[in-house]
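Encoded as structure tokens, the structure appears first; notes follow it.
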Amino acid sequence: MDQGEYERKYAGYCERHEVARKRLAEIGELRLERNVKRTKISMFLEKLADSAELVTEFDEELWYSTVDFVTVYEDMRMVFTFRDGNTVEIKKCEWRAA
């Protein structure tokens, strides 16, 4: 094999290696995120299982463990985004101001 062909093959292998290394790093980050999410969900389920009764009053810890954020719009709509990615939209006619 001549030097030019060797360098082309080597450059191709280096490029493939770099792409695979980056993908492996992405997968590692994704795995870490999913492990953290699994741990949070497990803690939440344990908290619910330890509760002997239905939740009848506001529980700040429960709120923070389930709701990621709430978006309030000018037209009085609220969109609750939960930590699992689900959303619930509440329109003004569905809630009353206290």
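Chain labels run A, B, ... following the order of the structure tokens; each chain numbers its residues from 1, and ligands are numbered from 1 in the order shown.
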Could you name the residues that touch range 34-47 of chain A at 8 Å or less, counting only C-alpha atoms, but leaving out those on the same chain fewer than 6 positions away, as a ChimeraX atom specification?
/A:62,65-66
Write the selection just made, keeping N, CA, C and O atoms, as an mmCIF file, in the first residue's frame?
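To be explicit, this is the file written out as result_5.cif:
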```cif
data_model
loop_
_atom_site.group_PDB
_atom_site.id
_atom_site.type_symbol
_atom_site.label_atom_id
_atom_site.label_comp_id
_atom_site.auth_asym_id
_atom_site.auth_seq_id
_atom_site.Cartn_x
_atom_site.Cartn_y
_atom_site.Cartn_z
ATOM 1 N N LEU A 62 -44.375 17.434 47.648
ATOM 2 C CA LEU A 62 -45.048 16.684 46.597
ATOM 3 C C LEU A 62 -45.185 17.536 45.338
ATOM 4 O O LEU A 62 -44.963 17.066 44.219
ATOM 5 N N SER A 65 -41.902 17.803 43.553
ATOM 6 C CA SER A 65 -41.444 16.532 42.985
ATOM 7 C C SER A 65 -42.253 16.110 41.765
ATOM 8 O O SER A 65 -41.828 15.234 41.024
ATOM 9 N N THR A 66 -43.407 16.750 41.534
ATOM 10 C CA THR A 66 -44.227 16.373 40.378
ATOM 11 C C THR A 66 -44.288 17.443 39.300
ATOM 12 O O THR A 66 -44.275 17.121 38.116
#
```
Report the closest atom pair, with its distance in Å rounded to one decimal, for each residue of range 13-96 of chain A that has an atom no farther than 12 Å from range 4-8 of chain A; count only C-alpha atoms, sort by chain and then rising residue number, and write it as a tab-separated table.
```
residue	atom	partner	partner_atom	distance
A:Tyr13	CA	A:Arg8	CA	8.7
A:Cys14	CA	A:Arg8	CA	9.9
A:Glu15	CA	A:Arg8	CA	10.6
```
Could you give me the residues within chain A that DSSP places in strand (DSSP E or B), as a ChimeraX atom specification?
/A:67-72,78-82,87-90
Take the residues from that selection and put them in a file with all heavy atoms, as a short mmCIF file (atom, residue, chain, number, x, y, z; two decimals), in the first residue's frame.
```
data_model
loop_
_atom_site.label_atom_id
_atom_site.label_comp_id
_atom_site.auth_asym_id
_atom_site.auth_seq_id
_atom_site.Cartn_x
_atom_site.Cartn_y
_atom_site.Cartn_z
N VAL A 67 -44.36 18.70 39.68
CA VAL A 67 -44.52 19.78 38.71
C VAL A 67 -43.16 20.38 38.39
O VAL A 67 -42.42 20.78 39.28
CB VAL A 67 -45.47 20.87 39.25
CG1 VAL A 67 -45.59 22.03 38.27
CG2 VAL A 67 -46.83 20.28 39.54
N ASP A 68 -42.85 20.43 37.09
CA ASP A 68 -41.59 21.03 36.66
C ASP A 68 -41.73 22.54 36.60
O ASP A 68 -40.94 23.26 37.20
CB ASP A 68 -41.18 20.47 35.30
CG ASP A 68 -39.75 20.77 34.92
OD1 ASP A 68 -38.96 21.15 35.81
OD2 ASP A 68 -39.41 20.60 33.73
N PHE A 69 -42.76 23.02 35.89
CA PHE A 69 -43.02 24.46 35.85
C PHE A 69 -44.45 24.71 35.39
O PHE A 69 -45.10 23.82 34.84
CB PHE A 69 -42.02 25.21 34.96
CG PHE A 69 -42.00 24.76 33.53
CD1 PHE A 69 -42.81 25.38 32.57
CD2 PHE A 69 -41.17 23.73 33.11
CE1 PHE A 69 -42.78 24.97 31.25
CE2 PHE A 69 -41.13 23.31 31.79
CZ PHE A 69 -41.95 23.93 30.86
N VAL A 70 -44.93 25.93 35.64
CA VAL A 70 -46.26 26.35 35.24
C VAL A 70 -46.10 27.59 34.37
O VAL A 70 -45.40 28.52 34.75
CB VAL A 70 -47.16 26.67 36.45
CG1 VAL A 70 -48.54 27.13 36.00
CG2 VAL A 70 -47.26 25.49 37.40
N THR A 71 -46.76 27.59 33.22
CA THR A 71 -46.73 28.74 32.34
C THR A 71 -48.09 29.41 32.41
O THR A 71 -49.12 28.76 32.19
CB THR A 71 -46.43 28.33 30.88
OG1 THR A 71 -45.23 27.55 30.86
CG2 THR A 71 -46.26 29.54 30.00
N VAL A 72 -48.11 30.72 32.73
CA VAL A 72 -49.34 31.48 32.83
C VAL A 72 -49.38 32.46 31.66
O VAL A 72 -48.43 33.20 31.44
CB VAL A 72 -49.43 32.23 34.18
CG1 VAL A 72 -50.72 33.03 34.27
CG2 VAL A 72 -49.30 31.26 35.34
N MET A 78 -53.39 28.49 32.07
CA MET A 78 -52.21 27.99 32.77
C MET A 78 -51.89 26.62 32.20
O MET A 78 -52.79 25.80 32.02
CB MET A 78 -52.46 27.88 34.28
CG MET A 78 -52.67 29.21 34.96
SD MET A 78 -52.75 29.09 36.76
CE MET A 78 -54.20 28.10 36.99
N VAL A 79 -50.61 26.39 31.92
CA VAL A 79 -50.18 25.09 31.44
C VAL A 79 -49.19 24.54 32.46
O VAL A 79 -48.14 25.13 32.70
CB VAL A 79 -49.53 25.18 30.04
CG1 VAL A 79 -49.02 23.82 29.60
CG2 VAL A 79 -50.54 25.72 29.03
N PHE A 80 -49.56 23.42 33.06
CA PHE A 80 -48.72 22.76 34.04
C PHE A 80 -47.87 21.72 33.30
O PHE A 80 -48.42 20.85 32.62
CB PHE A 80 -49.56 22.06 35.11
CG PHE A 80 -50.32 23.02 35.98
CD1 PHE A 80 -51.53 23.55 35.55
CD2 PHE A 80 -49.82 23.39 37.22
CE1 PHE A 80 -52.23 24.44 36.34
CE2 PHE A 80 -50.52 24.27 38.02
CZ PHE A 80 -51.72 24.80 37.58
N THR A 81 -46.57 21.82 33.43
CA THR A 81 -45.67 20.85 32.81
C THR A 81 -45.07 20.01 33.93
O THR A 81 -44.43 20.54 34.84
CB THR A 81 -44.56 21.54 32.01
OG1 THR A 81 -45.18 22.38 31.03
CG2 THR A 81 -43.65 20.53 31.33
N PHE A 82 -45.33 18.71 33.85
CA PHE A 82 -44.87 17.81 34.89
C PHE A 82 -43.48 17.28 34.58
O PHE A 82 -43.02 17.36 33.44
CB PHE A 82 -45.87 16.65 35.06
CG PHE A 82 -47.21 17.12 35.54
CD1 PHE A 82 -48.22 17.46 34.64
CD2 PHE A 82 -47.46 17.26 36.89
CE1 PHE A 82 -49.44 17.92 35.08
CE2 PHE A 82 -48.69 17.72 37.35
CZ PHE A 82 -49.67 18.06 36.44
N THR A 87 -48.27 17.49 30.01
CA THR A 87 -48.77 18.83 30.29
C THR A 87 -50.28 18.78 30.49
O THR A 87 -50.96 17.91 29.95
CB THR A 87 -48.46 19.80 29.13
OG1 THR A 87 -49.06 19.32 27.94
CG2 THR A 87 -46.96 19.97 28.94
N VAL A 88 -50.77 19.72 31.28
CA VAL A 88 -52.20 19.88 31.49
C VAL A 88 -52.49 21.37 31.35
O VAL A 88 -51.84 22.20 31.98
CB VAL A 88 -52.64 19.40 32.90
CG1 VAL A 88 -54.09 19.74 33.16
CG2 VAL A 88 -52.39 17.91 33.05
N GLU A 89 -53.48 21.68 30.51
CA GLU A 89 -53.85 23.08 30.31
C GLU A 89 -55.16 23.36 31.04
O GLU A 89 -56.11 22.60 30.93
CB GLU A 89 -54.01 23.38 28.82
CG GLU A 89 -54.38 24.82 28.55
CD GLU A 89 -54.43 25.15 27.07
OE1 GLU A 89 -53.75 24.47 26.28
OE2 GLU A 89 -55.17 26.09 26.72
N ILE A 90 -55.17 24.44 31.78
CA ILE A 90 -56.36 24.86 32.52
C ILE A 90 -56.75 26.23 31.98
O ILE A 90 -55.94 27.14 31.95
CB ILE A 90 -56.09 24.97 34.04
CG1 ILE A 90 -55.46 23.72 34.59
CG2 ILE A 90 -57.34 25.39 34.78
CD1 ILE A 90 -56.39 22.64 34.96
#
```
